[in-house]
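Asks: File start-v3.txt below, compact mmCIF, C-alpha atoms:
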```
# COMPACT_ATOMS: atom_id res chain seq x y z
CA ARG A 1 26.24 204.58 9.21
CA LYS A 2 26.87 202.50 12.33
CA GLU A 3 27.77 204.44 15.47
CA VAL A 4 30.94 202.42 15.92
CA GLU A 5 32.53 200.46 13.10
CA GLN A 6 35.32 197.93 13.12
CA ASP A 7 36.80 195.62 10.54
CA PRO A 8 35.58 192.18 11.72
CA GLY A 9 38.67 190.40 10.45
CA PRO A 10 39.83 187.79 11.11
CA PHE A 11 43.38 189.02 11.17
CA ASN A 12 45.69 186.02 10.98
CA VAL A 13 49.23 187.03 11.89
CA PRO A 14 52.40 185.10 12.76
CA GLU A 15 53.89 185.26 16.22
CA GLY A 16 56.09 188.32 16.62
CA ALA A 17 54.23 190.38 14.06
CA THR A 18 52.87 193.87 14.60
CA VAL A 19 49.16 194.30 13.95
CA ALA A 20 46.94 197.37 14.01
CA PHE A 21 43.18 197.72 14.33
CA ASN A 22 41.12 200.80 13.62
CA CYS A 23 37.70 201.79 14.82
CA THR A 24 35.61 204.71 13.57
CA TYR A 25 32.80 206.41 15.47
CA SER A 26 30.06 208.69 14.23
CA ASN A 27 29.19 210.78 17.30
CA SER A 28 31.58 213.71 17.44
CA ALA A 29 30.45 214.43 21.02
CA SER A 30 31.75 211.09 22.26
CA GLN A 31 33.75 211.54 25.40
CA SER A 32 35.55 208.36 26.35
CA PHE A 33 37.06 205.54 24.38
CA PHE A 34 38.22 202.08 25.33
CA TRP A 35 39.57 198.86 23.91
CA TYR A 36 38.23 195.64 25.42
CA ARG A 37 39.39 192.12 24.84
CA GLN A 38 36.94 189.22 24.63
CA ASP A 39 37.88 185.57 24.57
CA CYS A 40 35.40 183.20 22.97
CA ARG A 41 31.96 183.66 24.58
CA LYS A 42 33.48 185.00 27.79
CA GLU A 43 32.96 188.39 29.36
CA PRO A 44 34.77 191.35 27.81
CA LYS A 45 37.64 192.73 29.83
CA LEU A 46 39.18 196.17 29.67
CA LEU A 47 42.44 196.22 27.75
CA MET A 48 43.08 199.94 27.89
CA SER A 49 41.46 203.32 27.89
CA VAL A 50 42.30 205.63 24.99
CA TYR A 51 43.43 209.18 25.68
CA SER A 52 43.81 212.10 23.31
CA SER A 53 47.55 212.11 23.85
CA GLY A 54 47.80 208.41 23.06
CA ASN A 55 48.85 205.83 25.58
CA GLU A 56 51.00 202.76 25.77
CA ASP A 57 50.91 199.69 27.97
CA GLY A 58 53.73 197.30 27.24
CA ARG A 59 53.25 195.91 23.75
CA PHE A 60 49.94 197.74 23.30
CA THR A 61 49.52 201.30 22.04
CA ALA A 62 46.20 203.10 21.69
CA GLN A 63 45.63 206.34 19.83
CA LEU A 64 42.69 208.69 19.38
CA ASN A 65 42.15 210.99 16.43
CA ARG A 66 39.20 213.25 17.23
CA ALA A 67 39.38 215.18 13.97
CA SER A 68 38.94 212.02 11.91
CA GLN A 69 36.85 210.27 14.57
CA TYR A 70 38.79 207.09 14.87
CA ILE A 71 40.76 205.20 17.47
CA SER A 72 43.45 202.63 16.88
CA LEU A 73 45.12 199.77 18.70
CA LEU A 74 48.61 198.60 17.86
CA ILE A 75 49.94 195.30 19.15
CA ARG A 76 53.68 194.72 18.82
CA ASP A 77 55.46 191.37 19.03
CA SER A 78 52.20 189.39 18.91
CA LYS A 79 51.90 186.39 21.21
CA LEU A 80 49.70 183.33 20.82
CA SER A 81 47.88 184.51 23.94
CA ASP A 82 46.85 187.69 22.14
CA SER A 83 44.40 185.65 20.05
CA ALA A 84 40.99 187.06 20.90
CA THR A 85 38.36 189.49 19.68
CA TYR A 86 39.12 193.15 20.32
CA LEU A 87 36.15 195.43 20.95
CA CYS A 88 36.15 199.16 20.43
CA VAL A 89 33.93 200.90 22.98
CA VAL A 90 32.71 204.48 22.82
CA ASP A 91 30.98 206.45 25.54
CA GLY A 92 28.69 208.84 23.70
CA GLY A 93 27.74 210.87 26.75
CA TYR A 94 24.77 210.48 29.07
CA GLN A 95 26.32 207.13 29.90
CA LYS A 96 25.35 205.74 26.50
CA VAL A 97 27.98 203.13 25.76
CA THR A 98 28.29 201.65 22.29
CA PHE A 99 30.36 198.62 21.33
CA GLY A 100 31.83 197.87 17.97
CA THR A 101 31.21 194.39 16.60
CA GLY A 102 34.80 193.45 17.31
CA THR A 103 37.89 192.50 15.34
CA LYS A 104 39.05 188.92 15.61
CA LEU A 105 42.78 188.31 15.90
CA GLN A 106 44.37 184.91 15.44
CA VAL A 107 48.09 184.69 16.15
CA ILE A 108 49.65 181.73 14.38
CA PRO A 109 52.72 179.83 15.60
CA GLU B 110 36.88 190.34 45.60
CA ALA B 111 35.28 192.97 43.38
CA GLN B 112 32.88 191.26 41.05
CA VAL B 113 29.64 191.21 39.13
CA THR B 114 27.67 188.05 39.74
CA GLN B 115 25.23 186.98 37.09
CA ASN B 116 22.91 183.98 37.27
CA PRO B 117 22.14 181.58 35.80
CA ARG B 118 25.07 180.83 33.48
CA TYR B 119 22.88 178.78 31.13
CA LEU B 120 19.12 178.82 30.74
CA ILE B 121 16.84 176.93 28.39
CA THR B 122 13.18 177.87 28.43
CA VAL B 123 10.07 177.81 26.28
CA THR B 124 8.25 180.62 24.55
CA GLY B 125 6.09 182.69 26.88
CA LYS B 126 7.46 181.45 30.20
CA LYS B 127 8.52 184.43 32.28
CA LEU B 128 12.11 184.44 33.47
CA THR B 129 14.51 186.63 35.40
CA VAL B 130 18.27 186.85 35.05
CA THR B 131 19.87 188.23 38.18
CA CYS B 132 22.83 190.60 38.37
CA SER B 133 24.55 191.77 41.53
CA GLN B 134 27.69 193.85 42.09
CA ASN B 135 29.68 194.42 45.27
CA MET B 136 31.57 197.57 44.27
CA ASN B 137 28.95 200.18 45.17
CA HIS B 138 28.75 201.22 41.51
CA GLU B 139 26.08 203.67 40.45
CA TYR B 140 25.94 202.57 36.82
CA MET B 141 24.67 199.17 35.72
CA SER B 142 23.62 197.91 32.32
CA TRP B 143 22.49 194.90 30.35
CA TYR B 144 23.74 193.80 26.93
CA ARG B 145 22.96 191.05 24.51
CA GLN B 146 25.54 189.67 22.15
CA ASP B 147 24.65 188.07 18.83
CA PRO B 148 26.97 186.90 16.05
CA GLY B 149 27.83 189.71 13.66
CA LEU B 150 26.02 192.28 15.77
CA GLY B 151 28.35 192.66 18.72
CA LEU B 152 27.12 193.75 22.12
CA ARG B 153 23.95 195.81 22.09
CA GLN B 154 22.71 197.67 25.12
CA ILE B 155 19.27 196.66 26.38
CA TYR B 156 18.78 198.89 29.42
CA TYR B 157 20.97 200.86 31.75
CA SER B 158 20.61 202.43 35.16
CA MET B 159 22.35 205.45 36.57
CA ASN B 160 21.32 204.78 40.15
CA VAL B 161 18.54 203.38 42.31
CA GLU B 162 15.13 203.87 40.68
CA VAL B 163 16.76 205.46 37.61
CA THR B 164 16.64 203.32 34.48
CA ASP B 165 16.62 204.07 30.76
CA LYS B 166 16.30 202.24 27.48
CA GLY B 167 19.28 201.24 25.47
CA ASP B 168 19.28 200.28 21.81
CA VAL B 169 17.19 197.09 22.00
CA PRO B 170 14.77 197.32 24.96
CA GLU B 171 11.74 195.66 23.36
CA GLY B 172 10.63 192.55 25.21
CA TYR B 173 12.69 193.29 28.32
CA LYS B 174 12.11 194.92 31.68
CA VAL B 175 14.50 195.94 34.42
CA SER B 176 14.29 197.30 37.91
CA ARG B 177 16.79 198.96 40.24
CA LYS B 178 15.33 198.84 43.73
CA GLU B 179 18.72 198.44 45.38
CA LYS B 180 22.07 199.77 44.28
CA ARG B 181 23.72 196.37 44.06
CA ASN B 182 21.04 194.52 42.06
CA PHE B 183 19.81 195.00 38.52
CA PRO B 184 17.68 192.05 37.34
CA LEU B 185 16.65 191.55 33.72
CA ILE B 186 13.10 190.32 33.25
CA LEU B 187 11.65 188.68 30.16
CA GLU B 188 7.89 188.65 30.70
CA SER B 189 7.12 186.54 27.64
CA PRO B 190 10.32 185.24 26.03
CA SER B 191 10.40 184.55 22.31
CA PRO B 192 12.93 182.63 20.20
CA ASN B 193 14.48 185.87 18.89
CA GLN B 194 15.63 186.57 22.44
CA THR B 195 17.94 183.57 22.29
CA SER B 196 21.29 185.21 22.90
CA LEU B 197 24.29 185.63 25.18
CA TYR B 198 23.52 188.23 27.85
CA PHE B 199 25.97 190.25 29.91
CA CYS B 200 25.42 192.48 32.89
CA ALA B 201 27.98 195.20 33.63
CA SER B 202 28.61 197.86 36.24
CA SER B 203 30.79 200.91 36.50
CA SER B 204 31.46 203.92 38.68
CA SER B 205 29.97 206.69 36.61
CA GLY B 206 31.87 209.86 37.42
CA THR B 207 31.89 212.17 34.41
CA GLY B 208 31.55 209.27 32.03
CA VAL B 209 31.49 205.55 32.05
CA GLU B 210 34.73 204.35 33.50
CA LYS B 211 35.93 200.79 33.39
CA LEU B 212 33.04 198.38 32.91
CA PHE B 213 33.02 195.25 35.04
CA PHE B 214 31.14 192.40 33.38
CA GLY B 215 29.41 189.37 34.75
CA SER B 216 30.29 185.97 33.31
CA GLY B 217 27.33 185.97 30.96
CA THR B 218 24.06 184.06 30.60
CA GLN B 219 23.46 181.92 27.54
CA LEU B 220 19.69 181.92 27.02
CA SER B 221 17.90 179.61 24.63
CA VAL B 222 14.18 180.13 24.03
CA LEU B 223 12.53 177.19 22.32
```
Represent the structure contained in this file as structure tokens.
Replies:
Amino acid sequence: RKEVEQDPGPFNVPEGATVAFNCTYSNSASQSFFWYRQDCRKEPKLLMSVYSSGNEDGRFTAQLNRASQYISLLIRDSKLSDSATYLCVVDGGYQKVTFGTGTKLQVIP
Amino acid sequence: EAQVTQNPRYLITVTGKKLTVTCSQNMNHEYMSWYRQDPGLGLRQIYYSMNVEVTDKGDVPEGYKVSRKEKRNFPLILESPSPNQTSLYFCASSSSGTGVEKLFFGSGTQLSVL
């Protein structure tokens, strides 16, 4: 089993739609969780950290479920500019950071 | 401006010719790391460093070397590059704290080994 797994997509959604991505992780001792956004062949950039209580930043909501070992990202009211690859990132302790392979989102006019 | 500077942006070389990719950060971060990104495989960690003179292997260290003689610099060395090291490489840094906080990435180096 991969340490961090994501559905690669692509997810093709119309503008204004709500889309959700999940990411599962295998190391139950993992401490920190993040969602990064990566535009084609550019450097990944932090979208949001994921907290146990869940957190929201505008149209983006991230949730963590430690019991089931998954994190999720919800994007509401999708914009064309949201088209990108979304990377799930898990800090497994001892500064061992593992990236998922990413989920590609294409928002269609 | 806080940044991670990675050079060169593009590099084409031949098998066996030693090369170095430089990485420098101006944020006084303790943690630095190198990743390679390949289609379908995502970003895989090559090496990381917790501080000066402290380095450790990531998931795919074979064929690579690193050094951390100064806090701001973390070069990646390929002593004898091979075609399977053709990839997109990223350097990143972070303040470590109790875990890896926000990672700052360099702009990437596209390496082609012929």
Asks: Between atom CA of A:Ser68 and atom CA of A:Val107, what distance in Å does the model show, to one decimal?
Replies: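 If I compute the distance from atom CA of A:Ser68 to atom CA of A:Val107, I get 29.1 Å.
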Asks: Tell me which protein, DNA and RNA residues are within 9 Å of B:His138, counting all atoms listed in the file, leaving out same-chain ones fewer than 3 positions away, and put them as a list in words.
Replies: Gln134, Asn135, Met141, Asn160, Lys180, Arg181, Ser202, Ser203, Ser204 and Ser205 of chain B
Asks: Restrict the distance test to all atoms listed in the file, flag each residue of chain A within 10 Å of chain B, and return the flagged residues as JSON, numbers by chain.
Replies: {"A": [8, 30, 31, 32, 33, 34, 36, 41, 42, 43, 44, 45, 46, 47, 48, 49, 87, 89, 90, 91, 92, 93, 94, 95, 96, 97, 98, 99, 100, 101, 102]}
Asks: What is the atom CA of A:Thr85 to atom CA of A:Thr103 distance in Å?
Replies: 5.3 Å
Asks: Any idea what's packed within 6 Å of stretch 124-131 of chain B, counting all atoms listed in the file, ignoring anything in its chain fewer than 3 positions away? Could you give it as a VMD selection string?
Replies: chain B and resid 115 to 116 184 to 191 222 to 223
Asks: In Å to one decimal, how far is atom CA of A:Ala62 from atom CA of A:Asp77?
Replies: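 Result for atom CA of A:Asp77 versus atom CA of A:Ala62: 15.2 Å, one decimal.
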Asks: Using all atoms listed in the file, which of A:Asn12, A:Ser83, A:Gln6, A:Thr18 sits nearest A:Phe60?
Replies: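 The answer is A:Thr18, which sits nearest to A:Phe60.
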Asks: Could you give me, as an MDAnalysis selection string, the residues within 9 Å of B:Ser221, counting only C-alpha atoms and dropping anything in the same chain fewer than 2 positions from it?
Replies: chainID B and resid 119:123 192 194:197 219 223
Asks: Between A:Ser52, A:Gln63, A:Gln106, A:Gln38, single out the one closest to A:Tyr86, counting only C-alpha atoms.
Replies: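 Of all the options, A:Gln38 lies closest to A:Tyr86.
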Asks: Adding 8 Å on each side of the box along x, y and z that holds all listed atoms of stretch 12-29 of chain A, could you give its centre and edge lengths in Å to one decimal, as AutoDock Vina command-line options?
Replies:
```
--center_x 42.6 --center_y 199.8 --center_z 16.0 --size_x 42.9 --size_y 45.3 --size_z 26.0
```
Asks: Missing atoms in stretch 181-192 of chain B should be modelled up to N, CA, C and O atoms and reported as a PDB file, in the coordinates of the input.
Replies:
```
ATOM      1  N   ARG B 181      22.881 197.487  44.466  1.00  0.00           N
ATOM      2  CA  ARG B 181      23.720 196.370  44.060  1.00  0.00           C
ATOM      3  C   ARG B 181      23.059 195.450  43.035  1.00  0.00           C
ATOM      4  O   ARG B 181      23.743 194.702  42.353  1.00  0.00           O
ATOM      5  N   ASN B 182      21.748 195.484  42.912  1.00  0.00           N
ATOM      6  CA  ASN B 182      21.040 194.520  42.060  1.00  0.00           C
ATOM      7  C   ASN B 182      20.368 195.168  40.862  1.00  0.00           C
ATOM      8  O   ASN B 182      19.755 196.253  40.981  1.00  0.00           O
ATOM      9  N   PHE B 183      20.422 194.474  39.743  1.00  0.00           N
ATOM     10  CA  PHE B 183      19.810 195.000  38.520  1.00  0.00           C
ATOM     11  C   PHE B 183      19.315 193.811  37.692  1.00  0.00           C
ATOM     12  O   PHE B 183      19.936 193.392  36.706  1.00  0.00           O
ATOM     13  N   PRO B 184      18.174 193.226  38.060  1.00  0.00           N
ATOM     14  CA  PRO B 184      17.680 192.050  37.340  1.00  0.00           C
ATOM     15  C   PRO B 184      17.102 192.396  35.972  1.00  0.00           C
ATOM     16  O   PRO B 184      16.528 193.474  35.777  1.00  0.00           O
ATOM     17  N   LEU B 185      17.227 191.446  35.061  1.00  0.00           N
ATOM     18  CA  LEU B 185      16.650 191.550  33.720  1.00  0.00           C
ATOM     19  C   LEU B 185      15.474 190.592  33.654  1.00  0.00           C
ATOM     20  O   LEU B 185      15.628 189.407  33.940  1.00  0.00           O
ATOM     21  N   ILE B 186      14.333 191.099  33.256  1.00  0.00           N
ATOM     22  CA  ILE B 186      13.100 190.320  33.250  1.00  0.00           C
ATOM     23  C   ILE B 186      12.599 190.173  31.817  1.00  0.00           C
ATOM     24  O   ILE B 186      12.475 191.165  31.086  1.00  0.00           O
ATOM     25  N   LEU B 187      12.311 188.936  31.444  1.00  0.00           N
ATOM     26  CA  LEU B 187      11.650 188.680  30.160  1.00  0.00           C
ATOM     27  C   LEU B 187      10.260 188.155  30.501  1.00  0.00           C
ATOM     28  O   LEU B 187      10.108 187.018  30.954  1.00  0.00           O
ATOM     29  N   GLU B 188       9.258 188.994  30.312  1.00  0.00           N
ATOM     30  CA  GLU B 188       7.890 188.650  30.700  1.00  0.00           C
ATOM     31  C   GLU B 188       7.339 187.510  29.836  1.00  0.00           C
ATOM     32  O   GLU B 188       6.665 186.619  30.329  1.00  0.00           O
ATOM     33  N   SER B 189       7.630 187.552  28.558  1.00  0.00           N
ATOM     34  CA  SER B 189       7.120 186.540  27.640  1.00  0.00           C
ATOM     35  C   SER B 189       8.195 186.260  26.591  1.00  0.00           C
ATOM     36  O   SER B 189       8.121 186.783  25.471  1.00  0.00           O
ATOM     37  N   PRO B 190       9.179 185.453  26.938  1.00  0.00           N
ATOM     38  CA  PRO B 190      10.320 185.240  26.030  1.00  0.00           C
ATOM     39  C   PRO B 190       9.895 184.676  24.674  1.00  0.00           C
ATOM     40  O   PRO B 190       8.933 183.877  24.586  1.00  0.00           O
ATOM     41  N   SER B 191      10.623 185.089  23.657  1.00  0.00           N
ATOM     42  CA  SER B 191      10.400 184.550  22.310  1.00  0.00           C
ATOM     43  C   SER B 191      11.734 184.059  21.764  1.00  0.00           C
ATOM     44  O   SER B 191      12.799 184.445  22.264  1.00  0.00           O
ATOM     45  N   PRO B 192      11.688 183.206  20.738  1.00  0.00           N
ATOM     46  CA  PRO B 192      12.930 182.630  20.200  1.00  0.00           C
ATOM     47  C   PRO B 192      13.955 183.684  19.759  1.00  0.00           C
ATOM     48  O   PRO B 192      15.163 183.435  19.840  1.00  0.00           O
TER      49      PRO B 192
END
```
